[in-house]
$ cat run-v9.cif   # mmCIF, C-alpha atoms and all ligand atoms
data_coords
loop_
_atom_site.label_atom_id
_atom_site.label_comp_id
_atom_site.auth_asym_id
_atom_site.auth_seq_id
_atom_site.Cartn_x
_atom_site.Cartn_y
_atom_site.Cartn_z
CA MET A 201 17.60 13.90 38.08
CA ARG A 202 19.35 16.92 36.61
CA LEU A 203 17.19 19.54 35.07
CA PRO A 204 19.05 21.71 32.60
CA GLU A 205 17.70 24.94 31.17
CA ARG A 206 14.62 23.47 29.54
CA ARG A 207 11.58 25.48 28.79
CA PRO A 208 8.70 24.34 31.03
CA PRO A 209 6.73 21.72 29.11
CA THR A 210 3.41 22.70 30.66
CA ASN A 211 0.93 23.71 28.03
CA LEU A 212 1.74 22.18 24.67
CA ILE A 213 1.12 18.83 23.06
CA ALA A 214 2.61 17.72 19.76
CA CYS A 215 0.56 15.31 17.64
CA ASP A 216 2.37 11.96 17.36
CA GLU A 217 1.31 11.59 13.76
CA CYS A 218 1.72 15.06 12.26
CA ASP A 219 3.76 16.98 14.89
CA LEU A 220 1.25 19.84 15.11
CA LEU A 221 1.54 21.75 18.38
CA GLN A 222 -1.72 22.18 20.22
CA ARG A 223 -3.00 23.27 23.58
CA PRO A 224 -4.72 20.60 25.66
CA ILE A 225 -8.39 21.16 26.33
CA ALA A 226 -10.65 19.94 29.14
CA LEU A 227 -12.40 16.68 28.30
CA PRO A 228 -15.40 14.78 29.63
CA ALA A 229 -14.57 11.49 31.35
CA GLY A 230 -13.53 8.84 28.86
CA GLY A 231 -13.31 11.39 26.05
CA TRP A 232 -10.53 11.56 23.48
CA ALA A 233 -8.84 14.71 22.27
CA LEU A 234 -8.17 14.50 18.53
CA CYS A 235 -5.62 16.36 16.46
CA ARG A 236 -7.06 19.43 14.76
CA ARG A 237 -5.18 18.71 11.55
CA CYS A 238 -5.01 14.93 11.11
CA ASP A 239 -7.71 13.59 13.47
CA GLY A 240 -5.09 11.49 15.24
CA PRO A 241 -5.70 10.66 18.89
CA LEU A 242 -3.81 13.10 21.15
CA TYR A 243 -4.78 11.99 24.65
CA ARG A 244 -7.68 10.66 26.61
CA TYR A 245 -9.10 11.71 29.91
CA ALA A 246 -9.36 8.51 31.97
CA PRO A 247 -10.44 9.55 35.44
CA GLY A 248 -10.33 6.05 36.97
CA SER A 249 -8.49 5.28 40.16
CA LEU A 250 -5.19 3.54 40.69
CA ASP A 251 -6.88 0.98 42.94
CA ARG A 252 -9.36 0.01 40.29
CA ALA A 253 -6.63 -0.34 37.66
CA LEU A 254 -4.68 -2.50 40.14
CA ALA A 255 -7.66 -4.74 40.79
CA PHE A 256 -8.35 -5.19 37.09
CA SER A 257 -4.75 -5.99 36.25
CA LEU A 258 -4.43 -8.47 39.14
CA GLY A 259 -7.52 -10.20 37.79
CA ALA A 260 -5.98 -10.20 34.33
CA VAL A 261 -2.82 -11.89 35.67
CA VAL A 262 -4.83 -14.70 37.30
CA LEU A 263 -6.91 -15.26 34.16
CA PHE A 264 -3.77 -15.16 32.02
CA LEU A 265 -2.11 -17.90 34.09
CA ILE A 266 -5.23 -20.07 33.77
CA GLY A 267 -5.48 -19.22 30.08
CA VAL A 268 -1.95 -20.39 29.37
CA THR A 269 -1.88 -23.61 31.39
CA PHE A 270 -5.41 -25.03 31.17
CA PRO A 271 -6.92 -26.70 28.07
CA ILE A 272 -8.26 -24.35 25.40
CA MET A 273 -10.50 -27.03 23.97
CA GLU A 274 -11.02 -30.73 23.79
CA LEU A 275 -11.62 -32.57 20.56
CA GLU A 276 -13.28 -35.95 20.20
CA LEU A 277 -13.12 -38.03 17.04
CA GLN A 278 -14.49 -41.61 17.04
CA GLY A 279 -13.67 -42.20 20.67
CA ASN A 280 -10.24 -40.54 20.57
CA VAL A 281 -9.84 -37.40 22.65
CA THR A 282 -7.18 -34.73 22.30
CA SER A 283 -6.88 -31.54 24.28
CA SER A 284 -4.34 -28.78 24.24
CA SER A 285 -3.37 -25.77 26.28
CA LEU A 286 -1.40 -22.85 24.91
CA TYR A 287 1.63 -24.13 26.78
CA THR A 288 1.42 -27.72 25.53
CA ALA A 289 0.75 -26.49 21.99
CA VAL A 290 4.02 -24.54 21.99
CA GLN A 291 5.83 -27.46 23.62
CA GLN A 292 4.61 -29.79 20.91
CA LEU A 293 5.69 -27.43 18.12
CA TRP A 294 9.14 -27.26 19.72
CA ASN A 295 9.38 -31.04 20.05
CA ASP A 296 8.41 -31.42 16.39
CA GLY A 297 11.45 -29.32 15.52
CA LEU A 298 9.41 -26.28 14.40
CA TYR A 299 11.56 -23.96 16.49
CA VAL A 300 10.92 -20.65 14.73
CA PHE A 301 7.20 -21.31 14.71
CA ALA A 302 7.22 -22.28 18.39
CA VAL A 303 9.19 -19.16 19.36
CA LEU A 304 6.89 -16.89 17.32
CA ILE A 305 3.79 -18.29 19.03
CA ALA A 306 5.36 -18.38 22.50
CA ALA A 307 6.64 -14.80 22.23
CA THR A 308 3.41 -13.21 21.02
CA THR A 309 0.93 -15.16 23.16
CA MET A 310 2.88 -15.93 26.34
CA LEU A 311 6.17 -14.09 26.88
CA LEU A 312 5.22 -10.57 25.76
CA PRO A 313 1.72 -10.63 27.30
CA ALA A 314 3.38 -11.84 30.52
CA LEU A 315 5.89 -9.00 30.27
CA GLU A 316 3.11 -6.50 29.58
CA LEU A 317 1.11 -7.67 32.59
CA THR A 318 4.12 -7.79 34.94
CA VAL A 319 5.30 -4.34 33.95
CA MET A 320 1.83 -2.86 34.22
CA LEU A 321 1.30 -4.43 37.63
CA SER A 322 4.67 -3.30 38.97
CA VAL A 323 4.14 0.26 37.75
CA LEU A 324 0.72 0.42 39.38
CA LEU A 325 2.01 -1.12 42.62
CA ALA A 326 5.01 1.20 42.72
CA LEU A 327 2.80 4.25 42.17
CA ARG A 328 0.42 3.03 44.85
CA MET A 329 3.18 2.57 47.41
CA TRP A 330 5.79 5.23 46.71
CA ARG A 331 4.03 7.65 44.36
CA THR A 332 7.14 7.88 42.23
CA SER A 333 10.34 6.01 41.65
CA THR A 334 13.30 6.31 39.32
CA TRP A 335 12.73 2.99 37.58
CA ILE A 336 9.10 3.64 36.69
CA PRO A 337 10.03 5.55 33.50
CA LYS A 338 12.16 2.60 32.37
CA LEU A 339 9.26 0.22 32.95
CA LEU A 340 6.84 2.47 31.11
CA ARG A 341 9.18 2.58 28.12
CA LEU A 342 9.29 -1.22 28.18
CA LEU A 343 5.49 -1.30 28.26
CA THR A 344 5.26 0.94 25.20
CA LEU A 345 7.66 -1.36 23.37
CA ALA A 346 5.98 -4.62 24.36
CA ARG A 347 2.37 -3.64 23.68
CA PRO A 348 2.12 -4.06 19.89
CA TRP A 349 3.67 -7.54 20.10
CA SER A 350 1.35 -8.90 22.72
CA MET A 351 -1.36 -10.58 20.67
CA VAL A 352 -3.66 -12.49 23.00
CA GLU A 353 -6.76 -11.02 21.39
CA ILE A 354 -5.68 -12.19 17.93
CA PHE A 355 -4.89 -15.64 19.29
CA PHE A 356 -8.38 -15.67 20.79
CA MET A 357 -9.90 -14.94 17.36
CA GLY A 358 -7.66 -17.65 15.91
CA VAL A 359 -9.17 -20.15 18.34
CA LEU A 360 -12.66 -19.12 17.20
CA VAL A 361 -11.75 -19.60 13.53
CA ALA A 362 -10.26 -23.02 14.37
CA LEU A 363 -13.49 -23.87 16.20
CA VAL A 364 -15.52 -23.16 13.08
CA LYS A 365 -13.13 -25.21 10.94
CA LEU A 366 -13.18 -28.20 13.30
CA ALA A 367 -16.89 -28.14 14.09
CA HIS A 368 -17.82 -30.31 11.12
CA MET A 369 -15.23 -33.04 11.75
CA ALA A 370 -15.22 -33.63 15.49
CA ASP A 371 -17.05 -33.01 18.76
CA ILE A 372 -15.69 -30.01 20.60
CA VAL A 373 -15.68 -29.16 24.29
CA ILE A 374 -14.54 -25.62 24.98
CA GLY A 375 -12.00 -25.50 27.81
CA VAL A 376 -11.72 -23.14 30.74
CA ALA A 377 -8.67 -21.43 29.18
CA LEU A 378 -10.71 -19.99 26.33
CA TRP A 379 -13.10 -18.28 28.76
CA SER A 380 -10.13 -17.10 30.82
CA LEU A 381 -8.39 -15.55 27.82
CA GLY A 382 -11.65 -13.86 26.85
CA GLY A 383 -12.03 -12.51 30.38
CA MET A 384 -8.42 -11.38 30.44
CA MET A 385 -8.98 -9.35 27.27
CA VAL A 386 -11.96 -7.61 28.88
CA LEU A 387 -9.93 -6.85 32.03
CA LEU A 388 -7.02 -5.50 29.99
CA VAL A 389 -9.39 -3.09 28.26
CA ALA A 390 -10.84 -2.15 31.65
CA THR A 391 -7.34 -1.60 33.06
CA SER A 392 -6.30 0.71 30.28
CA ALA A 393 -9.64 2.51 30.56
CA SER A 394 -8.87 3.36 34.18
CA PHE A 395 -5.41 4.73 33.61
CA ASN A 396 -3.59 5.97 30.58
CA LEU A 397 0.06 6.22 29.77
CA ARG A 398 0.18 9.99 29.34
CA HIS A 399 -1.48 10.47 32.70
CA LEU A 400 1.05 8.10 34.28
CA TRP A 401 3.88 10.05 32.71
CA GLU A 402 2.52 13.23 34.25
CA GLN A 403 2.50 11.58 37.69
CA VAL A 404 6.03 10.31 37.22
CA SER A 405 7.22 13.66 35.98
CA PRO A 406 9.93 15.32 38.12
CA GLN A 407 8.23 18.72 37.73
CA MET B 137 -6.73 35.88 12.26
CA ARG B 138 -5.42 32.75 13.86
CA PRO B 139 -1.68 32.23 13.38
CA SER B 140 -0.89 29.41 10.99
CA PRO B 141 -0.32 26.08 12.75
CA SER B 142 3.20 25.20 13.78
CA THR B 143 4.83 21.87 14.36
CA ALA B 144 7.18 21.14 17.23
CA LYS B 145 10.05 20.70 14.76
CA ALA B 146 9.38 24.04 13.06
CA LEU B 147 9.75 25.76 16.43
CA GLY B 148 12.84 23.78 17.32
CA LEU B 149 10.99 21.86 20.02
CA TYR B 150 11.37 18.15 20.64
CA ALA B 151 8.28 16.02 21.16
CA CYS B 152 9.27 12.90 23.09
CA HIS B 153 8.05 9.83 21.24
CA THR B 154 7.79 7.77 24.42
CA CYS B 155 6.09 10.08 26.92
CA GLY B 156 4.89 12.98 24.78
CA LEU B 157 6.74 15.72 26.68
CA VAL B 158 7.42 18.75 24.48
CA SER B 159 10.68 20.38 25.44
CA ARG B 160 13.39 22.67 24.13
CA PRO B 161 16.75 20.93 23.70
CA ALA B 162 19.24 21.84 26.39
CA ARG B 163 22.20 22.40 24.10
CA GLU B 164 23.29 21.61 20.57
CA GLY B 165 23.46 17.99 19.54
CA ALA B 166 22.04 14.90 21.18
CA SER B 167 19.55 15.42 23.95
CA SER B 168 17.44 13.22 26.14
CA CYS B 169 13.95 13.66 27.49
CA GLY B 170 13.81 15.29 30.92
CA ARG B 171 10.90 13.13 31.97
CA CYS B 172 11.53 9.64 30.64
CA GLY B 173 15.15 9.64 29.48
CA SER B 174 14.42 8.61 25.90
CA SER B 175 16.75 10.16 23.38
CA LEU B 176 15.10 13.05 21.60
CA ARG B 177 14.94 13.42 17.84
CA PHE B 178 12.85 15.62 15.61
CA ARG B 179 12.01 12.60 13.44
CA LYS B 180 12.68 8.89 13.74
CA THR B 181 16.28 8.25 12.64
CA ASN B 182 16.63 6.96 9.07
CA SER B 183 12.92 6.32 9.08
CA ILE B 184 12.47 5.85 5.33
CA GLU B 185 15.58 3.70 4.92
CA ARG B 186 14.74 1.36 7.79
CA ALA B 187 11.06 1.10 6.85
CA SER B 188 12.00 0.35 3.22
CA ALA B 189 14.46 -2.36 4.25
CA TYR B 190 11.82 -4.15 6.33
CA LEU B 191 9.30 -3.71 3.54
CA VAL B 192 11.57 -5.21 0.86
CA ALA B 193 12.26 -8.18 3.15
CA ALA B 194 8.51 -8.58 3.65
CA TYR B 195 7.90 -8.54 -0.13
CA ILE B 196 10.56 -11.21 -0.65
CA LEU B 197 9.21 -13.51 2.06
CA TYR B 198 5.67 -12.94 0.81
CA ILE B 199 6.46 -15.25 -2.11
CA PRO B 200 7.36 -18.40 -0.11
CA ALA B 201 4.58 -17.54 2.34
CA ASN B 202 2.05 -18.02 -0.45
CA VAL B 203 3.76 -20.65 -2.60
CA LEU B 204 4.81 -23.06 0.16
CA PRO B 205 2.21 -25.05 2.09
CA ILE B 206 1.27 -23.64 5.50
CA MET B 207 0.12 -27.00 6.79
CA GLU B 208 -0.18 -30.66 5.90
CA THR B 209 -3.29 -32.67 6.57
CA GLN B 210 -2.93 -36.42 6.80
CA SER B 211 -5.99 -38.64 6.92
CA VAL B 212 -7.21 -42.05 5.81
CA LEU B 213 -7.94 -40.41 2.46
CA GLY B 214 -4.30 -39.52 2.00
CA ARG B 215 -1.96 -36.60 2.43
CA GLU B 216 -2.85 -33.08 1.50
CA GLU B 217 -0.79 -29.91 1.55
CA ASN B 218 -2.60 -26.64 2.10
CA THR B 219 -1.36 -23.27 0.97
CA ILE B 220 -3.10 -20.08 2.00
CA VAL B 221 -4.81 -19.82 -1.39
CA SER B 222 -5.86 -23.47 -1.48
CA GLY B 223 -7.34 -23.11 2.00
CA VAL B 224 -9.59 -20.30 0.77
CA ALA B 225 -10.47 -22.27 -2.39
CA TYR B 226 -11.36 -25.31 -0.28
CA LEU B 227 -13.71 -23.27 1.92
CA TRP B 228 -15.27 -21.71 -1.18
CA HIS B 229 -15.95 -25.05 -2.90
CA SER B 230 -17.28 -26.63 0.26
CA GLY B 231 -19.95 -23.97 0.34
CA SER B 232 -18.79 -21.93 3.37
CA TRP B 233 -18.78 -18.74 1.33
CA LEU B 234 -18.95 -16.39 4.26
CA LEU B 235 -15.99 -18.00 6.05
CA ALA B 236 -14.13 -18.20 2.74
CA LEU B 237 -14.67 -14.47 2.29
CA VAL B 238 -13.48 -13.69 5.84
CA VAL B 239 -10.33 -15.79 5.44
CA PHE B 240 -9.77 -14.37 1.94
CA ILE B 241 -9.87 -10.83 3.28
CA ALA B 242 -7.80 -11.56 6.42
CA SER B 243 -5.05 -13.62 4.81
CA ILE B 244 -4.85 -12.43 1.19
CA VAL B 245 -6.37 -8.97 0.75
CA VAL B 246 -5.10 -7.39 4.00
CA PRO B 247 -1.44 -8.50 3.66
CA VAL B 248 -1.27 -7.35 0.02
CA LEU B 249 -2.94 -4.02 0.73
CA LYS B 250 -0.66 -3.52 3.71
CA LEU B 251 2.47 -4.00 1.59
CA LEU B 252 1.09 -1.73 -1.16
CA ALA B 253 0.04 0.93 1.36
CA MET B 254 3.50 1.00 2.96
CA THR B 255 5.03 1.26 -0.52
CA LEU B 256 2.83 4.24 -1.34
CA LEU B 257 3.60 5.93 1.98
CA LEU B 258 7.34 5.41 1.62
CA ILE B 259 7.52 6.61 -1.98
CA THR B 260 5.45 9.74 -1.35
CA ALA B 261 7.42 10.50 1.83
CA HIS B 262 10.71 9.99 0.02
CA TYR B 263 9.77 12.46 -2.71
CA GLN B 264 8.37 14.85 -0.07
CA SER B 265 5.03 14.86 -1.76
CA GLY B 266 2.37 17.16 -0.41
CA TRP B 267 -0.37 15.00 -1.91
CA ARG B 268 -3.42 14.36 0.29
CA PRO B 269 -1.62 14.28 3.65
CA LEU B 270 -4.81 13.66 5.62
CA GLU B 271 -5.76 10.59 3.59
CA ARG B 272 -2.20 9.24 3.77
CA THR B 273 -2.15 9.67 7.55
CA LYS B 274 -5.43 7.78 7.78
CA LEU B 275 -4.00 5.05 5.57
CA TYR B 276 -1.02 4.77 7.91
CA ARG B 277 -3.29 4.59 10.94
CA LEU B 278 -5.25 1.79 9.24
CA VAL B 279 -2.05 -0.14 8.47
CA GLU B 280 -0.96 0.14 12.10
CA LEU B 281 -4.39 -0.93 13.31
CA VAL B 282 -4.99 -4.00 11.15
CA GLY B 283 -1.38 -5.08 10.57
CA ARG B 284 -1.14 -7.32 13.62
CA TRP B 285 -4.36 -9.12 12.75
CA SER B 286 -2.76 -11.04 9.89
CA MET B 287 -1.18 -13.22 12.58
CA LEU B 288 -4.61 -14.85 12.77
CA ASP B 289 -3.70 -17.49 10.20
CA VAL B 290 -0.50 -18.42 11.97
CA TYR B 291 -2.45 -19.04 15.17
CA VAL B 292 -5.12 -21.05 13.39
CA VAL B 293 -2.44 -23.37 12.01
CA ALA B 294 -0.83 -23.74 15.45
CA ILE B 295 -4.15 -24.56 17.12
CA LEU B 296 -5.17 -27.05 14.45
CA ALA B 297 -1.79 -28.75 14.68
CA ALA B 298 -2.02 -28.94 18.46
CA LEU B 299 -5.50 -30.46 18.48
CA VAL B 300 -5.83 -32.59 15.37
CA GLN B 301 -3.58 -35.45 16.49
CA PHE B 302 -5.70 -38.53 15.88
CA HIS B 303 -2.95 -40.69 14.58
CA PRO B 304 -4.24 -42.99 11.93
CA LEU B 305 -7.40 -40.96 11.31
CA ALA B 306 -6.30 -37.38 10.94
CA THR B 307 -3.27 -35.28 11.79
CA VAL B 308 -2.31 -31.71 10.99
CA THR B 309 1.32 -30.59 10.85
CA PRO B 310 2.46 -26.98 10.34
CA ARG B 311 4.72 -26.42 7.35
CA SER B 312 7.26 -23.75 6.54
CA GLY B 313 4.80 -21.51 4.66
CA ALA B 314 3.25 -20.59 8.01
CA VAL B 315 6.61 -19.46 9.37
CA TYR B 316 7.23 -17.29 6.29
CA PHE B 317 3.74 -15.87 6.63
CA GLY B 318 4.42 -15.01 10.27
CA ALA B 319 7.70 -13.41 9.24
CA VAL B 320 5.88 -11.26 6.65
CA VAL B 321 3.49 -10.04 9.35
CA VAL B 322 6.36 -9.25 11.75
CA LEU B 323 8.42 -7.50 9.06
CA SER B 324 5.53 -5.36 7.84
CA MET B 325 4.78 -4.39 11.46
CA LEU B 326 8.44 -3.39 11.88
CA SER B 327 8.22 -1.40 8.66
CA ALA B 328 5.14 0.48 9.87
CA MET B 329 6.82 1.16 13.23
CA ALA B 330 9.98 2.46 11.58
CA PHE B 331 7.99 4.82 9.38
CA ASP B 332 7.49 8.29 10.80
CA PRO B 333 4.01 9.59 9.83
CA ARG B 334 5.14 13.14 10.61
CA LEU B 335 7.17 12.98 7.38
CA ILE B 336 3.84 13.05 5.53
CA TRP B 337 3.17 16.53 6.88
CA ASP B 338 6.64 18.02 6.73
CA PRO B 339 6.42 19.10 3.05
CA THR B 340 3.16 20.98 3.76
CA GLN B 341 4.89 22.72 6.66
CA LYS B 342 7.60 24.42 4.61
CA VAL B 343 5.16 27.04 3.37
CA SER B 344 3.92 28.20 6.75
CA ARG B 345 7.28 27.88 8.44
CA THR B 346 8.16 31.54 7.90
CA HIS B 347 5.36 32.48 10.26
CA GLU B 348 6.47 32.70 13.94
ZN ZN C 1 -2.01 15.45 13.95
ZN ZN C 2 9.98 11.44 27.28
#
$ encode --input "run-v9.cif" --output "structure tokens"
Amino acid sequence: MRLPERRPPTNLIACDECDLLQRPIALPAGGWALCRRCDGPLYRYAPGSLDRALAFSLGAVVLFLIGVTFPIMELELQGNVTSSSLYTAVQQLWNDGLYVFAVLIAATTMLLPALELTVMLSVLLALRMWRTSTWIPKLLRLLTLARPWSMVEIFFMGVLVALVKLAHMADIVIGVALWSLGGMMVLLVATSASFNLRHLWEQVSPQ
Amino acid sequence: MRPSPSTAKALGLYACHTCGLVSRPAREGASSCGRCGSSLRFRKTNSIERASAYLVAAYILYIPANVLPIMETQSVLGREENTIVSGVAYLWHSGSWLLALVVFIASIVVPVLKLLAMTLLLITAHYQSGWRPLERTKLYRLVELVGRWSMLDVYVVAILAALVQFHPLATVTPRSGAVYFGAVVVLSMLSAMAFDPRLIWDPTQKVSRTHE
């Protein structure tokens, strides 16, 4: 990578939300540094290990696969039983000709979460094996782009609201996928608690 | 005395939006980040124009999202079309006041406030207002935080439609209102992403810029 006459980046941080330049300070583990002017989050000190982050994200991948393919819940009404997984729900929307709706659901609950998990896992694996690699920055940029559109936690809340709405009309058996998605959310939080993007960027940095 | 605070832009430094690296541009003109390769800009390009375009589209689609039914319930009692408002009214009349309140806030209050908040942010940023920058930044942060959660309703409809398939007894089918509602959520998220919150602070910076 060519390095033209750039001033060394070492000791300054610009707030993402108000652009104020500040010097980083030492933080306790898990602590956040906030902007002096706008209280925006600047960075967090996440001292966790790469191995732990890897373990958490591998677990999240397994739970995600279960969460997508296994039934979310089963409904019984006067002897009739229906059950649905995330995958079959999207399939059914597509077959009913609700293409935009099906794509919206599939993208935000399956495709982008899958992308997020794959990218995160490959970055962690690559760092574990080679310390640094030229395509890691590209992957990290992809991760930053995908994150806001990956909405498993909102889908999870949606299932809970649907549960409340259906509880009075039918008997409900909660499926293994709902627990898996819940567990996946916990592991995702644990993964991002044991590494953070800014820290990764510093490892990737050519300096 | 402490020197007055400076922004990266005021010192001619680029702060990379992707990786956070603060660097001096190599030469005049376009530059890319030495660490992650993202193109460097002082502010998001055409931030106000792009954010406004998404916002206007969101306002327009907000009308069909609320007027058109989001789902259709078919049962032995007949066919019923539910809009977002009628869903809340139904919950209210059936006595589930707490749930009615939750759904009312999530699917009516939050989307409206989000559109109004983005309007306020865009207008004040366009006129380079120096009015209450801290509060406006906090408003922006709130919009970014809760914006995605309006997708809740879209998911509820999808789950109900997937599960309630008891053919003669009861079926639920999604209707186009839900798609428009989803589109409003996506468009207002795009609007918030296109907006550059640093524009809120730029007018306050002009005064102290002479320092340094
Ligand atoms: Zn700030
Ligand atoms: Zn960068």
$ closest_residue --input "run-v9.cif" --among "B:Ala236, B:Ile336, B:Ala144, B:Cys172" --to "ligand ZN 2 (chain C)" --atoms "only C-alpha atoms and all ligand atoms"
B:Cys172
$ residues_near_ligand --input "run-v9.cif" --ligand "ligand ZN 1 (chain C)" --cutoff "10 Å" --atoms "only C-alpha atoms and all ligand atoms" --output "ChimeraX atom specification"
/A:214-222,234-242 /B:143,270,273,333-334,337
$ closest_residue --input "run-v9.cif" --among "A:Phe356, A:Tyr243, A:Phe301, A:Trp379" --to "chain B" --atoms "all atoms listed in the file"
A:Phe301
$ residues_near_ligand --input "run-v9.cif" --ligand "ligand ZN 2 (chain C)" --cutoff "8 Å" --atoms "all atoms listed in the file" --output "compact mmCIF listing (two decimals) with C-alpha atoms, in the frame of the given file"
# COMPACT_ATOMS: atom_id res chain seq x y z
CA ALA B 151 8.28 16.02 21.16
CA CYS B 152 9.27 12.90 23.09
CA HIS B 153 8.05 9.83 21.24
CA THR B 154 7.79 7.77 24.42
CA CYS B 155 6.09 10.08 26.92
CA GLY B 156 4.89 12.98 24.78
CA LEU B 157 6.74 15.72 26.68
CA SER B 168 17.44 13.22 26.14
CA CYS B 169 13.95 13.66 27.49
CA GLY B 170 13.81 15.29 30.92
CA ARG B 171 10.90 13.13 31.97
CA CYS B 172 11.53 9.64 30.64
CA GLY B 173 15.15 9.64 29.48
CA SER B 174 14.42 8.61 25.90
CA SER B 175 16.75 10.16 23.38
CA LEU B 176 15.10 13.05 21.60
$ residues_around --input "run-v9.cif" --residues "Val293 in chain B" --least-positions-apart "5" --cutoff "9 Å" --atoms "all atoms listed in the file" --output "list in words"
Gly358 and Ala362 of chain A; Ile206, Met207, Leu288, Ala298, Val308, Thr309, Pro310 and Ala314 of chain B
$ atom_distance --input "run-v9.cif" --atom1 "CA of Ala390 in chain A" --atom2 "CA of Ala255 in chain A"
10.0 Å
$ atom_distance --input "run-v9.cif" --atom1 "CA of Ala162 in chain B" --atom2 "CA of Ala146 in chain B"
16.7 Å
$ closest_residue --input "run-v9.cif" --among "B:Leu213, B:Leu296, B:Met329, B:Ile184" --to "chain A" --atoms "all atoms listed in the file"
B:Leu296
$ closest_residue --input "run-v9.cif" --among "B:Ala201, B:Leu227, B:Ala294, B:Leu326" --to "Trp294 in chain A" --atoms "all atoms listed in the file"
B:Ala294
$ atom_distance --input "run-v9.cif" --atom1 "CA of Leu378 in chain A" --atom2 "CA of Gly267 in chain A"
6.5 Å
$ residues_around --input "run-v9.cif" --residues "range 302-307 of chain B" --least-positions-apart "4" --cutoff "6 Å" --atoms "only C-alpha atoms" --output "JSON, numbers by chain"
{"B": [209, 210, 211, 212]}
$ closest_residue --input "run-v9.cif" --among "B:Trp228, B:Tyr190, B:Trp233, B:Trp285" --to "chain A" --atoms "all atoms listed in the file"
B:Trp285
$ residues_around --input "run-v9.cif" --residues "Val376 in chain A" --least-positions-apart "5" --cutoff "7 Å" --atoms "all atoms listed in the file" --output "PyMOL selection string"
chain A and resi 270-272
$ write_last_selection --input "run-v9.cif" --atoms "C-alpha atoms" --output "mmCIF file, keeping the file's coordinate frame"
data_model
loop_
_atom_site.group_PDB
_atom_site.id
_atom_site.type_symbol
_atom_site.label_atom_id
_atom_site.label_comp_id
_atom_site.auth_asym_id
_atom_site.auth_seq_id
_atom_site.Cartn_x
_atom_site.Cartn_y
_atom_site.Cartn_z
ATOM 1 C CA PHE A 270 -5.410 -25.030 31.170
ATOM 2 C CA PRO A 271 -6.920 -26.700 28.070
ATOM 3 C CA ILE A 272 -8.260 -24.350 25.400
#
$ closest_residue --input "run-v9.cif" --among "B:Ala253, B:Ser232, B:Ile244, B:Gly266" --to "His368 in chain A" --atoms "only C-alpha atoms"
B:Ser232
$ residues_near_point --input "run-v9.cif" --point "(-6.7, -12.1, 15.3)" --cutoff "9 Å" --atoms "all atoms listed in the file" --output "list in words"
Met351, Val352, Glu353, Ile354, Phe355, Phe356, Met357, Gly358 and Val359 of chain A; Ala242, Arg284, Trp285, Ser286, Met287, Leu288, Asp289 and Tyr291 of chain B
$ residues_near_point --input "run-v9.cif" --point "(-3.8, -1.0, 41.8)" --cutoff "12 Å" --atoms "all atoms listed in the file" --output "list in words"
Gly248, Ser249, Leu250, Asp251, Arg252, Ala253, Leu254, Ala255, Phe256, Ser257, Leu258, Gly259, Met320, Leu321, Ser322, Val323, Leu324, Leu325, Ala326, Leu327, Arg328, Met329, Arg331, Thr391, Ser392, Ser394 and Phe395 of chain A
$ residues_around --input "run-v9.cif" --residues "range 313-319 of chain A" --least-positions-apart "4" --cutoff "10 Å" --atoms "all atoms listed in the file" --output "PyMOL selection string"
chain A and resi 257-258+260-261+264-265+306-309+323-325+336+338-352+388
$ decode --input "run-v9.cif" --residues "range 293-299 of chain A" --atoms "N, CA, C and O atoms" --output "CSV table (one decimal), in the first residue's frame"
chain,number,residue,atom,x,y,z
A,293,LEU,N,-44.8,-16.0,1.3
A,293,LEU,CA,-45.1,-14.7,0.8
A,293,LEU,C,-44.8,-14.6,-0.7
A,293,LEU,O,-45.5,-14.0,-1.4
A,294,TRP,N,-43.7,-15.2,-1.0
A,294,TRP,CA,-43.2,-15.1,-2.5
A,294,TRP,C,-44.2,-15.9,-3.3
A,294,TRP,O,-44.6,-15.4,-4.4
A,295,ASN,N,-44.7,-17.1,-2.9
A,295,ASN,CA,-45.6,-17.8,-3.6
A,295,ASN,C,-47.0,-17.1,-3.8
A,295,ASN,O,-47.7,-17.3,-4.7
A,296,ASP,N,-47.3,-16.3,-2.8
A,296,ASP,CA,-48.6,-15.6,-2.8
A,296,ASP,C,-48.4,-14.3,-3.7
A,296,ASP,O,-49.4,-13.6,-3.8
A,297,GLY,N,-47.3,-14.2,-4.3
A,297,GLY,CA,-47.1,-13.0,-5.2
A,297,GLY,C,-46.8,-11.7,-4.5
A,297,GLY,O,-46.7,-10.7,-5.2
A,298,LEU,N,-46.5,-11.8,-3.2
A,298,LEU,CA,-46.1,-10.6,-2.5
A,298,LEU,C,-44.6,-10.4,-2.6
A,298,LEU,O,-43.9,-10.5,-1.5
A,299,TYR,N,-44.1,-10.1,-3.8
A,299,TYR,CA,-42.6,-10.2,-4.0
A,299,TYR,C,-41.9,-9.1,-3.2
A,299,TYR,O,-40.9,-9.4,-2.6
